[in-house]
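Some notes on the structure that comes next.
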Amino acid sequence: MTRLLLFTGKGGVGKTTLAAATAAGLAARGYKTLVVSTDPAHSLGDAFGRRLGREPSDVDTRLHGAQVDSRGLVDDIWQDLRGRLKGALAGAGVDALDAEELSVLPGVDELLALTEVQRLAEAGRWDVVVVDCGPTAETLRLLALPEAVSGYLDKVFGWQLTLTGSRGLARSVRDLAAHVSSLRDLLTDPAVTTVRLVLTPERVVVAEARRTLSSLALRGIRVDGLIVNRLMPAPGVWRGAAANWMRTRRRQQDEVLAELTWELARVEHRAAEPVGLPALREIATELYGERDPLTGNSSESAPLLHVTEVDGGYRLRLALPLDRGAELDLARVDDDLAVTVDGFRRLVALPEALRPCRITGAESDADGLVVSLTKPGEDS
């Protein structure tokens with residue numbers, strides 16, 4: 001089964017370089033590797049010093065590269081599906097204006113980018129597909145799409161299907177829903193897909209990384225590595241103003257990293273821009289050493305939900321990495337628990353035994369969030 005490694009991080013932290021370096025390191029170890037970028041910046045080819053197109057091309061022995069063109073995919077693929085959906089809606093009696101509106105799917109560019117990654121991963125040509133994703137905000141939107149689109153299809157097209165009963169429309173929507181479901185399964189299978197989060201030792205970047213970890217955990221997507229990039233080299237015995245500046249800068253970076261409890265891989269800042277395979281292999285050696293690049297530097301993720309029965313109710317633990325200043329909100333929505341962390345929201349389906357219960361409290365600790373629920377008829 002092909003493994004998927006997704007690289008993301010705040011814009012400018014060097015995720016593209018580290019994705020390319022990891023791919024080069026994997027190929028050097030004998031893995032048939034494809035590195036592909038969904039980042040609209042199209043900088044993956046720059047890291048290798050060559051032009052990459054939509055279809056995979058040779059970069060080195062056992063290493064191929066490609067650049068996803070989301071706009072081109074929209075023109076080539078979505079217009080056909082959209083036309084069939086619109087035709088089915090119109091044939092079922094939905095007027096032209098409604099049919100036009102209902103066939104414009106939110107986030108279609110990102111959805112097709114994910115579809116292309118899935119197509120490449122399932123082609124069977126590679127052992128590993130390394131994905132250079134966009135900056136974290138775009139990546140979180142990308143990874144949230146399968147769940148969001150699934151809800152959109154249920155609410156919008158499900159309502160229309162009830163009214164029209166169109167077999168053609170039902171088939172088109174079911175096909176699209178099945179595809180979206182397969183994307184969600186691909187992303188949330190920890191044996192197949194993992195994320196490597198790249199950051200630099202700066203407080204603003206670390207704060208965003210904390211929020212990203214929480215959001216990915218909410219979506220059931222496993223992070224198997226955190227990489228600190230552009231760490232200032234220790235100046236050693238050097239003297240002079242430049243050495244003093246380097247010591248001060250490194251001390252500040254060490255102070256930021258000392259506040260973190262995460263297991264970190266580290267890459268030092270380089271004087272020359274790392275472009276081309278020799279420079280990328282050098283980074284891979286620093287990053288992974290003798291370790292297999294396919295293996296992350298963090299332990300297995302705990303299941304998102306763990307339930308313990310206590311006297312009069314239950315304790316529901318959600319394995320979420322929470323910052324001390326995180327903005328957290330909990331609410332019941334029918335049989336789901338709506339969890340919102342720093343603006344990122346997910347509906348978590350409650351186990352059947354907990355659905356009649358009411359929430360009576362919540363607290364966070366080093367392992368995540370613990371929600372207390374009381375059984376019906378019990379005192380709070």
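Following the order of the structure tokens, first chain is A, next is B, and so on, with residues numbered from 1 inside each chain and ligands from 1 in the order they appear.
The environment of Thr340 of chain A within 10 Å, counting only C-alpha atoms and disregarding residues fewer than 5 places along the same chain, consists of Ser214, Ser215, Leu218, Ala326, Glu327, Leu328, Asp329, Leu330, Ala331, Arg345, Arg346 and Leu347 of chain A.
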Please produce an output containing N, CA and C atoms for each residue in the selection, written as a CSV table (one decimal), in the first residue's frame.
```
chain,number,residue,atom,x,y,z
A,214,SER,N,-4.2,20.9,17.0
A,214,SER,CA,-5.5,20.7,17.5
A,214,SER,C,-6.5,20.5,16.4
A,215,SER,N,-6.4,21.2,15.3
A,215,SER,CA,-7.3,21.1,14.2
A,215,SER,C,-7.2,19.7,13.5
A,218,LEU,N,-8.7,17.1,15.7
A,218,LEU,CA,-10.1,17.1,15.6
A,218,LEU,C,-10.6,16.3,14.4
A,326,ALA,N,-5.8,28.4,24.5
A,326,ALA,CA,-6.7,28.0,23.5
A,326,ALA,C,-8.1,28.4,23.8
A,327,GLU,N,-8.9,28.9,22.8
A,327,GLU,CA,-10.3,29.2,22.9
A,327,GLU,C,-11.1,27.9,22.6
A,328,LEU,N,-11.8,27.4,23.6
A,328,LEU,CA,-12.5,26.2,23.5
A,328,LEU,C,-14.0,26.4,23.8
A,329,ASP,N,-14.8,25.7,23.0
A,329,ASP,CA,-16.2,25.8,23.2
A,329,ASP,C,-16.8,24.4,22.9
A,330,LEU,N,-17.8,23.9,23.8
A,330,LEU,CA,-18.4,22.7,23.6
A,330,LEU,C,-19.9,22.9,23.6
A,331,ALA,N,-20.6,22.1,22.7
A,331,ALA,CA,-22.1,22.2,22.6
A,331,ALA,C,-22.6,20.9,22.2
A,345,ARG,N,-13.9,23.9,14.1
A,345,ARG,CA,-15.1,23.2,14.7
A,345,ARG,C,-15.2,21.8,14.0
A,346,ARG,N,-15.6,20.8,14.9
A,346,ARG,CA,-15.9,19.5,14.4
A,346,ARG,C,-17.1,18.9,15.2
A,347,LEU,N,-18.0,18.2,14.5
A,347,LEU,CA,-19.0,17.5,15.2
A,347,LEU,C,-18.5,16.1,15.4
```
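One distance worth recording is that between atom CA of Gly9 of chain A and atom CA of Leu199 of chain A, which is 6.0 Å.
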Run DSSP on the backbone of this structure and report the residues of segment 209-375 of chain A it assigns to helix (DSSP H, G or I), as JSON, numbers by chain.
{"A": [209, 210, 211, 212, 213, 214, 215, 216, 217, 218, 241, 242, 243, 244, 245, 246, 247, 248, 249, 250, 251, 252, 253, 254, 255, 256, 257, 258, 277, 278, 279, 280, 281, 282, 283, 284, 285, 286, 287, 288, 352, 353, 354]}
For Arg247 of chain A, please output as an mmCIF file with N, CA and C atoms, in the first residue's frame all residues within 12 Å (counting only C-alpha atoms; exclusion window: fewer than 2 positions along the same chain).
```cif
data_model
loop_
_atom_site.group_PDB
_atom_site.id
_atom_site.type_symbol
_atom_site.label_atom_id
_atom_site.label_comp_id
_atom_site.auth_asym_id
_atom_site.auth_seq_id
_atom_site.Cartn_x
_atom_site.Cartn_y
_atom_site.Cartn_z
ATOM 1 N N LEU A 231 17.160 26.576 12.334
ATOM 2 C CA LEU A 231 17.723 26.798 13.661
ATOM 3 C C LEU A 231 19.111 27.396 13.498
ATOM 4 N N MET A 232 19.381 28.480 14.197
ATOM 5 C CA MET A 232 20.664 29.156 14.061
ATOM 6 C C MET A 232 21.798 28.241 14.524
ATOM 7 N N PRO A 233 22.843 28.045 13.700
ATOM 8 C CA PRO A 233 23.962 27.206 14.135
ATOM 9 C C PRO A 233 24.626 27.787 15.372
ATOM 10 N N ALA A 234 25.076 26.916 16.267
ATOM 11 C CA ALA A 234 25.814 27.382 17.449
ATOM 12 C C ALA A 234 27.120 28.014 16.990
ATOM 13 N N PRO A 235 27.450 29.229 17.446
ATOM 14 C CA PRO A 235 28.639 29.936 16.950
ATOM 15 C C PRO A 235 29.956 29.378 17.466
ATOM 16 N N GLY A 236 29.918 28.488 18.440
ATOM 17 C CA GLY A 236 31.155 27.874 18.937
ATOM 18 C C GLY A 236 32.116 28.885 19.531
ATOM 19 N N VAL A 237 33.355 28.832 19.097
ATOM 20 C CA VAL A 237 34.394 29.703 19.670
ATOM 21 C C VAL A 237 34.588 30.979 18.857
ATOM 22 N N TRP A 238 33.693 31.240 17.923
ATOM 23 C CA TRP A 238 33.833 32.440 17.120
ATOM 24 C C TRP A 238 33.755 33.681 18.006
ATOM 25 N N ARG A 239 34.416 34.752 17.518
ATOM 26 C CA ARG A 239 34.436 36.009 18.267
ATOM 27 C C ARG A 239 33.949 37.145 17.366
ATOM 28 N N GLY A 240 33.620 38.265 17.991
ATOM 29 C CA GLY A 240 33.220 39.434 17.234
ATOM 30 C C GLY A 240 31.715 39.656 17.280
ATOM 31 N N ALA A 241 31.285 40.752 16.622
ATOM 32 C CA ALA A 241 29.885 41.156 16.662
ATOM 33 C C ALA A 241 28.976 40.114 16.023
ATOM 34 N N ALA A 242 29.430 39.506 14.917
ATOM 35 C CA ALA A 242 28.604 38.511 14.240
ATOM 36 C C ALA A 242 28.350 37.309 15.141
ATOM 37 N N ALA A 243 29.397 36.882 15.860
ATOM 38 C CA ALA A 243 29.237 35.738 16.755
ATOM 39 C C ALA A 243 28.304 36.076 17.910
ATOM 40 N N ASN A 244 28.405 37.300 18.424
ATOM 41 C CA ASN A 244 27.508 37.717 19.505
ATOM 42 C C ASN A 244 26.056 37.736 19.034
ATOM 43 N N TRP A 245 25.837 38.207 17.808
ATOM 44 C CA TRP A 245 24.485 38.224 17.250
ATOM 45 C C TRP A 245 23.950 36.800 17.120
ATOM 46 N N ARG A 249 20.687 35.260 18.993
ATOM 47 C CA ARG A 249 19.584 34.703 18.212
ATOM 48 C C ARG A 249 19.337 33.247 18.582
ATOM 49 N N ARG A 250 20.400 32.449 18.717
ATOM 50 C CA ARG A 250 20.238 31.038 19.073
ATOM 51 C C ARG A 250 19.654 30.894 20.483
ATOM 52 N N ARG A 251 20.057 31.779 21.399
ATOM 53 C CA ARG A 251 19.522 31.736 22.761
ATOM 54 C C ARG A 251 18.022 32.010 22.752
ATOM 55 N N GLN A 252 17.594 32.978 21.946
ATOM 56 C CA GLN A 252 16.165 33.260 21.832
ATOM 57 C C GLN A 252 15.404 32.064 21.259
ATOM 58 N N GLN A 253 15.973 31.442 20.247
ATOM 59 C CA GLN A 253 15.329 30.274 19.649
ATOM 60 C C GLN A 253 15.238 29.123 20.648
ATOM 61 N N ASP A 254 16.313 28.900 21.405
ATOM 62 C CA ASP A 254 16.306 27.827 22.401
ATOM 63 C C ASP A 254 15.253 28.084 23.479
#
```
Minimum-distance residue to His64 of chain A, chosen among A:Val130, A:Leu18, A:Ala217, A:Leu111 (using only C-alpha atoms):
A:Val130
Taking into account only C-alpha atoms, which residue in the set A:His42, A:His306, A:Arg3, A:Lys15 is nearest to Thr136 of chain A?
A:Lys15
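The two atoms in question, atom CA of Leu320 of chain A and atom CA of Thr200 of chain A, are spaced 22.0 Å apart.
Atom pair atom CA of Thr295 of chain A / atom CA of Ala319 of chain A has a distance of 21.5 Å (rounded to one decimal).
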